[in-house]
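J.: You'll find my_file_37.txt just under this line, and it carries compact mmCIF, C-alpha atoms.
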# COMPACT_ATOMS: atom_id res chain seq x y z
CA MET A 1 11.61 -40.94 14.86
CA ALA A 2 12.06 -37.81 16.99
CA THR A 3 15.83 -38.35 16.96
CA GLN A 4 15.79 -38.45 13.17
CA GLN A 5 13.70 -35.24 13.09
CA ARG A 6 16.12 -33.48 15.42
CA SER A 7 19.09 -34.40 13.30
CA GLN A 8 17.35 -32.90 10.24
CA MET A 9 16.65 -29.56 11.89
CA GLN A 10 19.16 -26.95 10.77
CA PRO A 11 19.66 -23.24 11.36
CA LEU A 12 17.87 -21.32 8.59
CA LYS A 13 19.98 -18.73 6.79
CA LEU A 14 18.98 -15.53 5.05
CA GLY A 15 18.38 -16.20 1.37
CA SER A 16 17.80 -19.95 1.74
CA ARG A 17 14.64 -21.73 0.58
CA SER A 18 13.25 -24.89 2.19
CA ASP A 19 10.15 -26.69 3.41
CA ALA A 20 11.38 -26.08 6.97
CA ALA A 21 11.35 -22.34 6.28
CA ARG A 22 7.81 -22.56 4.91
CA ALA A 23 6.67 -24.47 8.02
CA LEU A 24 8.35 -21.88 10.23
CA GLN A 25 6.68 -19.02 8.33
CA ALA A 26 3.29 -20.70 8.84
CA ALA A 27 3.97 -21.20 12.56
CA THR A 28 5.23 -17.62 12.88
CA ASN A 29 2.03 -16.33 11.33
CA ARG A 30 -0.07 -18.41 13.74
CA ARG A 31 1.82 -16.98 16.71
CA LEU A 32 1.50 -13.43 15.41
CA ARG A 33 -2.25 -13.82 14.81
CA ALA A 34 -2.77 -15.30 18.28
CA ARG A 35 -1.08 -12.19 19.72
CA GLY A 36 -3.09 -9.63 17.76
CA LEU A 37 -0.17 -8.98 15.42
CA ALA A 38 -1.66 -10.40 12.20
CA ALA A 39 -0.58 -7.26 10.36
CA LEU A 40 3.02 -8.43 10.72
CA ALA A 41 2.41 -11.83 9.08
CA VAL A 42 4.68 -12.85 6.20
CA GLU A 43 4.22 -14.65 2.92
CA GLU A 44 4.53 -18.42 3.37
CA ASN A 45 6.83 -18.99 0.40
CA GLY A 46 9.66 -20.96 2.02
CA VAL A 47 12.22 -18.20 1.40
CA VAL A 48 14.11 -16.78 4.37
CA ASP A 49 14.05 -13.12 3.36
CA ALA A 50 14.55 -9.98 5.45
CA ARG A 51 10.84 -9.74 6.29
CA THR A 52 10.80 -13.33 7.49
CA LEU A 53 13.80 -12.69 9.72
CA GLU A 54 12.12 -9.61 11.14
CA ALA A 55 8.81 -11.44 11.77
CA VAL A 56 10.65 -14.33 13.42
CA ARG A 57 12.63 -11.89 15.57
CA LYS A 58 9.44 -10.19 16.76
CA THR A 59 7.76 -13.54 17.41
CA ALA A 60 10.76 -14.81 19.38
CA TRP A 61 10.58 -11.66 21.50
CA ALA A 62 6.86 -12.21 22.15
CA LEU A 63 7.50 -15.84 23.12
CA GLY A 64 10.14 -14.90 25.69
CA ALA A 65 13.45 -15.51 23.93
CA LEU A 66 16.54 -13.95 25.48
CA VAL A 67 17.53 -10.53 24.13
CA GLU A 68 20.80 -11.88 22.72
CA THR A 69 18.91 -14.67 20.95
CA TYR A 70 16.31 -12.55 19.16
CA GLU A 71 18.75 -9.77 18.35
CA SER A 72 21.13 -12.28 16.75
CA ILE A 73 18.47 -13.25 14.21
CA THR A 74 18.57 -10.02 12.21
CA ARG A 75 22.18 -9.23 13.12
CA ASP A 76 23.56 -12.57 11.84
CA GLY A 77 20.83 -13.45 9.32
CA VAL A 78 20.37 -16.89 10.88
CA ILE A 79 17.37 -18.44 12.65
CA PRO A 80 18.76 -20.82 15.30
CA ILE A 81 17.22 -24.23 15.88
CA GLY A 82 16.05 -23.20 19.36
CA VAL A 83 14.03 -20.32 17.95
CA GLN A 84 12.42 -22.55 15.35
CA ARG A 85 11.49 -25.00 18.08
CA MET A 86 10.11 -22.22 20.29
CA ILE A 87 7.86 -20.90 17.51
CA ARG A 88 6.64 -24.29 16.32
CA ASN A 89 6.15 -25.68 19.83
CA PRO A 90 5.53 -22.85 22.31
CA GLY A 91 4.29 -25.46 24.78
CA ARG A 92 7.84 -26.81 25.04
CA ARG A 93 9.32 -23.52 26.31
CA THR A 94 10.87 -23.35 29.76
CA GLU A 95 8.80 -21.80 32.55
CA GLN A 96 11.12 -18.79 32.48
CA GLN A 97 10.59 -18.28 28.75
CA LYS A 98 6.83 -18.57 29.20
CA SER A 99 6.88 -16.11 32.07
CA ARG A 100 9.02 -13.62 30.12
CA GLY A 101 6.74 -13.98 27.10
CA LYS A 102 3.66 -13.26 29.22
CA ALA A 103 5.26 -10.16 30.73
CA ARG A 104 6.20 -8.90 27.27
CA MET A 105 2.72 -9.52 25.88
CA SER A 106 1.22 -7.73 28.86
CA ARG A 107 3.42 -4.69 28.20
CA LEU A 108 2.71 -4.78 24.47
CA ARG A 109 -1.07 -4.83 25.09
CA THR A 110 -0.71 -2.01 27.60
CA HIS A 111 1.18 0.14 25.07
CA ARG A 112 -1.37 -0.55 22.36
CA LYS A 113 -4.31 0.24 24.63
CA ARG A 114 -2.68 3.46 25.84
CA ARG A 115 -1.93 4.63 22.32
CA ALA A 116 -5.20 3.47 20.76
CA THR A 117 -6.77 6.90 21.02
CA GLU A 118 -3.84 8.55 19.19
CA GLN A 119 -3.51 6.06 16.37
CA ARG A 120 -5.51 7.95 13.79
CA SER A 121 -3.53 11.18 14.10
CA SER A 122 -1.05 12.11 11.41
CA ARG A 123 1.68 12.42 14.04
CA ALA A 124 1.06 8.86 15.25
CA ARG A 125 1.12 7.50 11.70
CA THR A 126 4.43 9.27 11.10
CA VAL A 127 6.14 8.11 14.28
CA ASN A 128 4.80 4.56 13.92
CA ALA A 129 6.13 4.24 10.37
CA PHE A 130 9.55 5.48 11.50
CA LEU A 131 9.62 3.22 14.58
CA ALA A 132 8.63 0.25 12.41
CA LYS A 133 11.95 0.65 10.55
CA ILE A 134 14.13 0.23 13.62
CA GLY A 135 16.86 -2.26 12.85
CA THR A 136 17.35 -1.00 9.30
CA ARG A 137 21.04 -0.70 8.41
CA GLU A 138 22.96 0.61 5.44
CA GLN A 139 23.83 -2.20 3.06
CA PRO A 140 26.72 -2.51 2.59
CA ALA A 141 27.76 -0.83 5.83
CA GLY A 142 28.99 2.73 5.44
CA CYS A 143 27.54 3.24 1.94
CA ASN A 144 24.83 5.75 2.95
CA GLY A 145 22.22 3.69 1.14
CA GLY A 146 20.52 0.37 0.49
CA GLY A 147 16.90 -0.78 0.72
CA ILE A 148 14.52 1.63 2.38
CA ILE A 149 17.34 4.15 2.91
CA THR A 150 17.71 4.49 -0.85
CA THR A 151 13.92 4.83 -1.10
CA MET A 152 13.95 7.76 1.31
CA GLN A 153 16.78 9.45 -0.58
CA THR A 154 15.04 8.90 -3.90
CA PHE A 155 11.88 10.44 -2.44
CA TRP A 156 13.80 13.71 -2.05
CA GLY A 157 15.90 13.33 -5.20
CA PHE A 158 19.19 12.63 -3.45
CA GLY A 159 21.85 10.00 -4.08
CA ARG A 160 23.80 8.30 -1.32
CA VAL A 161 24.31 11.08 1.20
CA PRO A 162 23.96 11.34 5.00
CA TRP A 163 20.28 10.78 5.61
CA CYS A 164 19.18 11.77 9.14
CA GLY A 165 17.22 14.81 7.93
CA ILE A 166 16.06 12.99 4.82
CA ALA A 167 14.51 10.26 7.01
CA CYS A 168 12.67 12.76 9.22
CA GLY A 169 11.35 14.68 6.22
CA TYR A 170 10.36 11.52 4.37
CA HIS A 171 8.19 10.26 7.22
CA ALA A 172 6.63 13.65 7.95
CA VAL A 173 5.57 14.09 4.32
CA LYS A 174 4.73 10.54 3.27
CA PHE A 175 3.01 9.34 6.42
CA GLY A 176 2.08 12.58 8.17
CA GLY A 177 0.92 14.50 5.10
CA VAL A 178 3.01 17.54 6.07
CA SER A 179 3.00 19.90 3.11
CA GLY A 180 5.54 22.53 2.16
CA LEU A 181 8.61 20.65 3.36
CA ARG A 182 11.45 20.97 0.84
CA SER A 183 14.66 19.18 -0.06
CA ASP A 184 16.76 21.28 2.31
CA VAL A 185 15.27 19.15 5.09
CA ALA A 186 18.34 17.02 4.35
CA ALA A 187 20.47 19.70 6.06
CA VAL A 188 20.21 19.90 9.84
CA ARG A 189 21.27 23.54 9.80
CA ALA A 190 18.36 24.40 7.47
CA ILE A 191 15.85 22.67 9.77
CA GLU A 192 17.05 24.77 12.69
CA ALA A 193 17.10 27.99 10.66
CA HIS A 194 13.56 27.50 9.33
CA ALA A 195 12.22 26.64 12.78
CA ARG A 196 13.92 29.64 14.36
CA ALA A 197 12.31 31.82 11.70
CA GLY A 198 8.93 30.13 12.19
CA ARG A 199 8.63 29.27 8.49
CA ALA A 200 5.87 26.78 7.71
CA PRO A 201 5.63 23.84 7.89
CA TYR A 202 8.08 24.25 10.76
CA GLY A 203 6.30 25.52 13.84
CA ARG A 204 8.70 27.10 16.29
CA TRP A 205 12.15 26.46 17.76
CA GLN A 206 12.38 25.52 21.43
CA SER A 207 15.44 24.64 23.46
CA SER A 208 13.83 21.71 25.29
CA PRO A 209 11.54 18.87 24.17
CA GLU A 210 9.19 19.65 27.04
CA GLY A 211 5.67 20.14 25.72
CA ALA A 212 6.63 19.26 22.13
CA LEU A 213 4.40 16.79 20.31
CA PRO A 214 5.48 13.51 18.71
CA GLY A 215 6.69 14.00 15.15
CA SER A 216 8.65 17.14 16.00
CA PHE A 217 12.27 17.23 14.78
CA VAL A 218 14.93 17.08 17.50
CA VAL A 219 18.31 18.61 16.59
CA ILE A 220 21.03 16.69 18.41
CA GLY A 221 24.74 17.19 19.04
CA GLY A 222 24.97 20.82 17.93
CA THR A 223 23.95 22.95 14.98
CA GLY A 224 24.32 21.07 11.71
CA VAL A 225 25.24 17.77 13.36
CA HIS A 226 22.29 15.41 13.61
CA VAL A 227 18.48 15.29 13.72
CA GLY A 228 15.91 12.74 14.82
CA MET A 229 12.16 12.59 15.35
CA LEU A 230 10.50 13.02 18.73
CA VAL A 231 8.62 9.96 20.01
CA GLU A 232 7.91 11.46 23.41
CA PRO A 233 9.41 14.03 25.76
CA LEU A 234 10.81 12.56 29.00
CA SER A 235 11.59 14.07 32.38
CA GLY A 236 14.66 16.23 32.93
CA GLY A 237 14.70 17.67 29.42
CA ARG A 238 15.35 14.26 27.87
CA ALA A 239 13.56 12.83 24.85
CA ARG A 240 12.83 9.45 23.36
CA THR A 241 13.60 9.71 19.66
CA VAL A 242 13.67 7.62 16.53
CA GLU A 243 16.59 8.50 14.28
CA GLY A 244 18.02 7.68 10.90
CA ASN A 245 21.79 7.34 10.34
CA THR A 246 22.76 6.85 13.96
CA SER A 247 24.01 3.89 15.99
CA PHE A 248 22.08 1.52 18.24
CA GLY A 249 24.00 2.71 21.29
CA PRO A 250 26.44 5.37 22.50
CA GLY A 251 29.52 3.52 21.21
CA GLY A 252 29.16 4.14 17.50
CA SER A 253 28.86 7.27 15.38
CA GLN A 254 25.84 9.22 16.60
CA SER A 255 25.46 11.30 13.47
CA ASN A 256 26.60 8.92 10.73
CA GLY A 257 26.07 5.46 12.20
CA GLY A 258 24.12 3.92 9.32
CA CYS A 259 21.16 2.58 11.31
CA VAL A 260 17.57 3.43 12.19
CA ALA A 261 17.47 3.31 15.99
CA ALA A 262 15.39 4.47 18.92
CA ARG A 263 17.39 6.48 21.42
CA ILE A 264 16.95 8.39 24.64
CA ARG A 265 18.74 11.72 24.27
CA SER A 266 19.83 13.66 27.33
CA ALA A 267 19.23 17.37 27.79
CA SER A 268 22.90 18.01 27.11
CA GLU A 269 22.73 16.17 23.77
CA ILE A 270 19.65 18.06 22.59
CA THR A 271 20.39 21.33 20.80
CA GLY A 272 16.75 22.18 20.28
CA VAL A 273 13.42 21.05 18.90
CA ALA A 274 11.72 22.16 15.70
CA THR A 275 8.00 21.70 16.21
CA MET A 276 6.19 20.77 13.03
CA ASN A 277 2.74 21.58 11.67
CA TYR A 278 0.87 18.39 10.84
CA PRO A 279 -2.33 18.69 8.82
CA ASP A 280 -4.79 17.56 11.48
CA GLY A 281 -3.16 19.80 14.09
CA ARG A 282 -2.79 16.98 16.57
CA MET B 1 36.33 6.41 18.52
CA SER B 2 36.88 10.06 19.47
CA MET B 3 34.12 12.50 20.37
CA SER B 4 34.58 14.26 17.04
CA ASP B 5 34.08 10.93 15.24
CA LEU B 6 30.98 10.19 17.30
CA TRP B 7 29.46 13.57 16.48
CA LEU B 8 30.74 14.21 12.98
CA PRO B 9 28.54 17.01 11.59
CA SER B 10 26.13 15.45 9.13
CA ASP B 11 25.86 18.70 7.19
CA GLY B 12 29.62 18.80 6.62
CA LEU B 13 29.45 15.46 4.81
CA LEU B 14 26.34 16.47 2.91
CA VAL B 15 27.58 19.73 1.45
CA GLY B 16 30.81 18.04 0.43
CA ASP B 17 28.71 16.46 -2.33
CA PRO B 18 28.25 19.23 -4.93
CA ILE B 19 24.97 17.82 -6.27
CA ALA B 20 23.52 17.48 -2.78
CA ALA B 21 24.74 20.97 -1.91
CA GLN B 22 22.85 22.33 -4.92
CA LYS B 23 19.65 20.58 -3.80
CA ILE B 24 19.99 22.20 -0.39
CA GLN B 25 20.81 25.68 -1.68
CA THR B 26 17.94 25.57 -4.19
CA PRO B 27 15.33 23.55 -2.32
CA TYR B 28 12.25 22.08 -3.95
CA GLU B 29 9.25 20.08 -2.80
CA THR B 30 9.46 16.36 -3.34
CA PRO B 31 8.39 15.22 -6.79
CA ASN B 32 5.22 13.15 -6.62
CA LEU B 33 6.86 9.94 -7.76
CA GLU B 34 3.85 7.78 -7.02
CA ALA B 35 1.67 9.94 -9.31
CA GLU B 36 4.22 9.24 -12.02
CA GLY B 37 3.83 5.51 -11.46
CA ILE B 38 7.05 5.06 -9.52
CA ARG B 39 6.33 2.85 -6.55
CA LEU B 40 8.40 3.34 -3.44
CA GLY B 41 9.14 0.18 -1.51
CA ASP B 42 7.76 0.95 1.91
CA ILE B 43 5.08 -0.47 4.18
CA ASP B 44 2.03 1.76 3.83
CA ASP B 45 -0.07 -0.44 6.09
CA ASP B 46 -0.93 1.64 9.17
CA GLU B 47 -1.92 -1.45 11.14
CA ALA B 48 1.42 -3.14 10.48
CA ASN B 49 3.33 0.01 11.39
CA GLU B 50 1.28 0.48 14.56
CA ALA B 51 1.87 -3.12 15.63
CA ALA B 52 5.60 -2.90 14.91
CA ALA B 53 5.89 0.45 16.72
CA ALA B 54 4.03 -0.82 19.79
CA LEU B 55 6.32 -3.82 19.91
CA VAL B 56 9.38 -1.57 19.70
CA LEU B 57 8.08 0.59 22.55
CA ALA B 58 7.34 -2.49 24.67
CA THR B 59 10.96 -3.63 24.28
CA PHE B 60 12.16 -0.45 26.01
CA ASP B 61 10.63 -1.42 29.36
CA ASP B 62 12.21 -3.64 32.01
CA ASP B 63 12.10 -7.10 30.54
CA ASP B 64 10.58 -8.99 33.45
CA VAL B 65 7.98 -6.41 34.43
CA ALA B 66 4.42 -7.00 33.26
CA GLY B 67 2.14 -4.20 32.11
CA ASP B 68 -1.46 -3.59 33.12
CA GLU B 69 -3.02 -5.99 30.62
CA PRO B 70 -3.14 -9.80 30.73
CA GLY B 71 -0.20 -11.53 29.05
CA GLU B 72 -1.71 -14.95 28.38
CA THR B 73 -2.25 -16.09 24.81
CA ASP B 74 -4.37 -19.00 23.56
CA ASP B 75 -1.44 -20.87 22.05
CA ASP B 76 0.94 -20.58 25.02
CA ASP B 77 0.95 -24.36 25.48
CA GLU B 78 0.51 -25.41 21.88
CA ILE B 79 2.57 -28.17 20.24
CA ASP B 80 2.43 -28.03 16.43
CA ASP B 81 5.31 -30.31 15.58
CA HIS B 82 4.70 -33.62 17.31
CA ASP B 83 7.70 -35.22 15.61
CA ASP B 84 10.01 -33.00 17.64
CA ASP B 85 9.77 -33.90 21.31
CA ASP B 86 12.73 -31.81 22.51
CA ASN B 87 12.12 -28.97 24.90
CA VAL B 88 13.36 -25.51 24.04
CA ALA B 89 16.81 -25.00 25.56
CA SER B 90 16.98 -22.53 28.43
CA ASP B 91 19.66 -20.46 26.70
CA VAL B 92 17.29 -19.53 23.82
Just give me the structure of the file as structure tokens.
T.:
Amino acid sequence: MATQQRSQMQPLKLGSRSDAARALQAATNRRLRARGLAALAVEENGVVDARTLEAVRKTAWALGALVETYESITRDGVIPIGVQRMIRNPGRRTEQQKSRGKARMSRLRTHRKRRATEQRSSRARTVNAFLAKIGTREQPAGCNGGGIITTMQTFWGFGRVPWCGIACGYHAVKFGGVSGLRSDVAAVRAIEAHARAGRAPYGRWQSSPEGALPGSFVVIGGTGVHVGMLVEPLSGGRARTVEGNTSFGPGGSQSNGGCVAARIRSASEITGVATMNYPDGR
Amino acid sequence: MSMSDLWLPSDGLLVGDPIAAQKIQTPYETPNLEAEGIRLGDIDDDEANEAAAALVLATFDDDDVAGDEPGETDDDDEIDDHDDDDNVASDV
């Protein structure tokens, strides 16, 4: 009987619909709820859509899957048999997978506890909403649009144009409630000019991220080149950022890479930081 | 990929589009699309965004290093699908 079951199990592909996909969605939701991540649960409709892939990827991470395995899910649009088995039967994981999953859950709980006091601030809402989009890519590649990217451009009244500033402005206004930001937020040069002049809602211009608060705009790569949002300042003048229209690593275009990615920018990459005025001042 | 390709100025591409250039030269506040009944497809759920963001931040740390909180979960040893008696392969 088990042999027959095994032979029926197939990789699940983006866009497909099946009972196996529905069972996996249900199991994914159980795993997410057990880990305090119920907010990430998906509709149990049997359709392997982008949200299902993303929920499965996160669940595979939490259960201790290898980096290459969980990253392949959204990259290739396929849920491998091993991942399905891991989610439906976490008790059948290897000791190494269980150990890795425990370490990851421990870190996740530590992050959530540490940030719990900040969660209600407008800056935290803004950064969280931007971070939640990591993995987003232009579709088709190189088109400067698709999905949520088009939504952000529409928000400002733009068509398919480079969108690093558009993404920062979108999150600051929609999730942070920043008022007075205008459509020239799409231009990196304008962000720098307004901050240097201290025009609201920009706060001030500073050459280093040191002391800047999350949600500030970090100009990267030179005047007019690229902008991201500050997640946290790091030692040595570095910054952890979340950026639109960059690449996942140093090998691709940094200023027109088509992805939402989290990056660590060195002091030499950072041109300056535009602090921003958020409504609750935090 | 050359350095100039890696750091192509975003503004140069933007102002090459005459309509976009106009929107930058004559800036305006965003129209309130939602007030006009136009729904934007984004996740407005703060809890979902917080959970996703925390998970992203946790992925930045060394993979085998635990944090300060317990990592155990009630379903760590659960078997839902009793028809499948294969173990999860170690290369997953």
J.: Identify the residues around (24.3, 18.0, 1.6) within a radius of 7 Å, measuring from all atoms listed in the file in the coordinates stated by the file, and give them as a VMD selection string.
T.: (chain A and resid 161 186 to 187) or (chain B and resid 11 13 to 17 20 to 21 24)
J.: Quick one: distance from CA of Leu66 in chain A to CA of Arg92 in chain A in Å, one decimal?
T.: 15.5 Å
J.: Report the distance between CA of Asp80 in chain B and CA of His111 in chain A in Å, rounded to one decimal place.
T.: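 Spanning CA of Asp80 in chain B to CA of His111 in chain A is a straight-line distance of 29.5 Å.
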J.: Might you pull out every residue within 12 Å of Ser121 in chain A, with all atoms listed in the file counted and same-chain residues fewer than 6 positions away left off, and present them as a PyMOL selection string?
T.: (chain A and resi 115+127-128+175-177+213-215+278-282) or (chain B and resi 46+50)
J.: CA of Leu63 in chain A and CA of Val83 in chain A are how many Å apart?
T.: 9.5 Å
J.: Between A:Glu243, A:Glu95, A:Asp19, A:Glu68, which has the minimum distance to His226 in chain A (counting only C-alpha atoms)?
T.: A:Glu243
J.: Excluding range 55-63 of chain B and any residue of its chain fewer than 6 positions from it, enumerate the residues within 10 Å of it, using only C-alpha atoms, and give them as a PDB file with C-alpha atoms, in the coordinates of the input.
T.:
ATOM      1  CA  LEU A  37      -0.170  -8.980  15.420  1.00  0.00           C
ATOM      2  CA  LYS A  58       9.440 -10.190  16.760  1.00  0.00           C
ATOM      3  CA  TRP A  61      10.580 -11.660  21.500  1.00  0.00           C
ATOM      4  CA  ALA A  62       6.860 -12.210  22.150  1.00  0.00           C
ATOM      5  CA  GLY A  64      10.140 -14.900  25.690  1.00  0.00           C
ATOM      6  CA  LEU A  66      16.540 -13.950  25.480  1.00  0.00           C
ATOM      7  CA  VAL A  67      17.530 -10.530  24.130  1.00  0.00           C
ATOM      8  CA  ARG A 100       9.020 -13.620  30.120  1.00  0.00           C
ATOM      9  CA  GLY A 101       6.740 -13.980  27.100  1.00  0.00           C
ATOM     10  CA  ALA A 103       5.260 -10.160  30.730  1.00  0.00           C
ATOM     11  CA  ARG A 104       6.200  -8.900  27.270  1.00  0.00           C
ATOM     12  CA  MET A 105       2.720  -9.520  25.880  1.00  0.00           C
ATOM     13  CA  SER A 106       1.220  -7.730  28.860  1.00  0.00           C
ATOM     14  CA  ARG A 107       3.420  -4.690  28.200  1.00  0.00           C
ATOM     15  CA  LEU A 108       2.710  -4.780  24.470  1.00  0.00           C
ATOM     16  CA  ARG A 109      -1.070  -4.830  25.090  1.00  0.00           C
ATOM     17  CA  THR A 110      -0.710  -2.010  27.600  1.00  0.00           C
ATOM     18  CA  HIS A 111       1.180   0.140  25.070  1.00  0.00           C
ATOM     19  CA  ARG A 112      -1.370  -0.550  22.360  1.00  0.00           C
ATOM     20  CA  ASN A 128       4.800   4.560  13.920  1.00  0.00           C
ATOM     21  CA  LEU A 131       9.620   3.220  14.580  1.00  0.00           C
ATOM     22  CA  ALA A 132       8.630   0.250  12.410  1.00  0.00           C
ATOM     23  CA  LYS A 133      11.950   0.650  10.550  1.00  0.00           C
ATOM     24  CA  ILE A 134      14.130   0.230  13.620  1.00  0.00           C
ATOM     25  CA  VAL A 231       8.620   9.960  20.010  1.00  0.00           C
ATOM     26  CA  ALA A 262      15.390   4.470  18.920  1.00  0.00           C
ATOM     27  CA  ARG A 263      17.390   6.480  21.420  1.00  0.00           C
TER      28      ARG A 263
ATOM     29  CA  ASN B  49       3.330   0.010  11.390  1.00  0.00           C
TER      30      ASN B  49
END
J.: When you count all atoms listed in the file, which of these residues is closest to Gly165 in chain A: A:Ala141, A:Val178, A:Arg199, A:Val227?
T.: A:Val227
J.: Residues at most 8 Å from Gly82 in chain A, counting all atoms listed in the file, excluding those fewer than 4 positions away in the same chain, as number ranges by chain?
T.: A: 86; B: 88-89, 92
J.: Counting all atoms listed in the file, which residues have an atom no more than 12 Å from (9.3, 22.3, -2.7) in the file's coordinates? Please list them as an MDAnalysis selection string.
T.: (chainID A and resid 156:157 169 173 178:185 200:201) or (chainID B and resid 23:24 26:32)
J.: Nearest to chain B among A:Gly91, A:Gly236, A:Pro80, A:Gly15, with distances taken over only C-alpha atoms: which residue is it?
T.: A:Gly91
J.: With only C-alpha atoms as the atoms that count, which of B:Leu33, B:Asp86, B:Asp44, B:Gly71 lies nearest to chain A?
T.: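 Counting only C-alpha atoms, the residue closest to chain A is B:Gly71.
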J.: Would you please work out which residue, of A:Gln10, A:Thr271, A:Gln96, A:Thr28, is nearest to chain B when using all atoms listed in the file?
T.: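 Nearest candidate to chain B out of A:Gln10, A:Thr271, A:Gln96, A:Thr28: A:Gln96.
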J.: Fewer than 4 positions away in the same chain doesn't count, so skip those; otherwise give me all residues within 9 Å of range 1-6 of chain B, counting all atoms listed in the file, as a PDB file with C-alpha atoms, in the coordinates of the input.
T.:
ATOM      1  CA  PRO A 250      26.440   5.370  22.500  1.00  0.00           C
ATOM      2  CA  GLY A 251      29.520   3.520  21.210  1.00  0.00           C
ATOM      3  CA  GLY A 252      29.160   4.140  17.500  1.00  0.00           C
ATOM      4  CA  SER A 253      28.860   7.270  15.380  1.00  0.00           C
ATOM      5  CA  GLN A 254      25.840   9.220  16.600  1.00  0.00           C
ATOM      6  CA  SER A 255      25.460  11.300  13.470  1.00  0.00           C
ATOM      7  CA  ASN A 256      26.600   8.920  10.730  1.00  0.00           C
ATOM      8  CA  GLY A 257      26.070   5.460  12.200  1.00  0.00           C
TER       9      GLY A 257
END
J.: Could you give me, as number ranges by chain, the residues within 9 Å of Leu53 in chain A, counting all atoms listed in the file and dropping anything in the same chain fewer than 2 positions from it?
T.: A: 14, 48-51, 55-58, 73-74, 77-79
J.: What would range 40-52 of chain B look like with N, CA and C atoms in place, written as a PDB file, keeping the file's coordinate frame?
T.:
ATOM      1  N   LEU B  40       7.337   3.348  -4.436  1.00  0.00           N
ATOM      2  CA  LEU B  40       8.400   3.340  -3.440  1.00  0.00           C
ATOM      3  C   LEU B  40       8.192   2.138  -2.521  1.00  0.00           C
ATOM      4  N   GLY B  41       9.257   1.409  -2.296  1.00  0.00           N
ATOM      5  CA  GLY B  41       9.140   0.180  -1.510  1.00  0.00           C
ATOM      6  C   GLY B  41       9.077   0.458  -0.016  1.00  0.00           C
ATOM      7  N   ASP B  42       7.918   0.746   0.477  1.00  0.00           N
ATOM      8  CA  ASP B  42       7.760   0.950   1.910  1.00  0.00           C
ATOM      9  C   ASP B  42       6.453   0.320   2.339  1.00  0.00           C
ATOM     10  N   ILE B  43       6.304   0.140   3.658  1.00  0.00           N
ATOM     11  CA  ILE B  43       5.080  -0.470   4.180  1.00  0.00           C
ATOM     12  C   ILE B  43       4.092   0.641   4.479  1.00  0.00           C
ATOM     13  N   ASP B  44       3.033   0.711   3.675  1.00  0.00           N
ATOM     14  CA  ASP B  44       2.030   1.760   3.830  1.00  0.00           C
ATOM     15  C   ASP B  44       0.896   1.336   4.754  1.00  0.00           C
ATOM     16  N   ASP B  45       0.993   0.129   5.279  1.00  0.00           N
ATOM     17  CA  ASP B  45      -0.070  -0.440   6.090  1.00  0.00           C
ATOM     18  C   ASP B  45      -0.006   0.146   7.511  1.00  0.00           C
ATOM     19  N   ASP B  46      -0.949   0.999   7.850  1.00  0.00           N
ATOM     20  CA  ASP B  46      -0.930   1.640   9.170  1.00  0.00           C
ATOM     21  C   ASP B  46      -1.008   0.624  10.298  1.00  0.00           C
ATOM     22  N   GLU B  47      -1.789  -0.437  10.083  1.00  0.00           N
ATOM     23  CA  GLU B  47      -1.920  -1.450  11.140  1.00  0.00           C
ATOM     24  C   GLU B  47      -0.595  -2.148  11.405  1.00  0.00           C
ATOM     25  N   ALA B  48       0.119  -2.476  10.316  1.00  0.00           N
ATOM     26  CA  ALA B  48       1.420  -3.140  10.480  1.00  0.00           C
ATOM     27  C   ALA B  48       2.403  -2.200  11.162  1.00  0.00           C
ATOM     28  N   ASN B  49       2.403  -0.940  10.769  1.00  0.00           N
ATOM     29  CA  ASN B  49       3.330   0.010  11.390  1.00  0.00           C
ATOM     30  C   ASN B  49       2.985   0.241  12.872  1.00  0.00           C
ATOM     31  N   GLU B  50       1.678   0.291  13.160  1.00  0.00           N
ATOM     32  CA  GLU B  50       1.280   0.480  14.560  1.00  0.00           C
ATOM     33  C   GLU B  50       1.710  -0.713  15.401  1.00  0.00           C
ATOM     34  N   ALA B  51       1.500  -1.914  14.872  1.00  0.00           N
ATOM     35  CA  ALA B  51       1.870  -3.120  15.630  1.00  0.00           C
ATOM     36  C   ALA B  51       3.381  -3.166  15.853  1.00  0.00           C
ATOM     37  N   ALA B  52       4.132  -2.873  14.792  1.00  0.00           N
ATOM     38  CA  ALA B  52       5.600  -2.900  14.910  1.00  0.00           C
ATOM     39  C   ALA B  52       6.078  -1.834  15.887  1.00  0.00           C
TER      40      ALA B  52
END
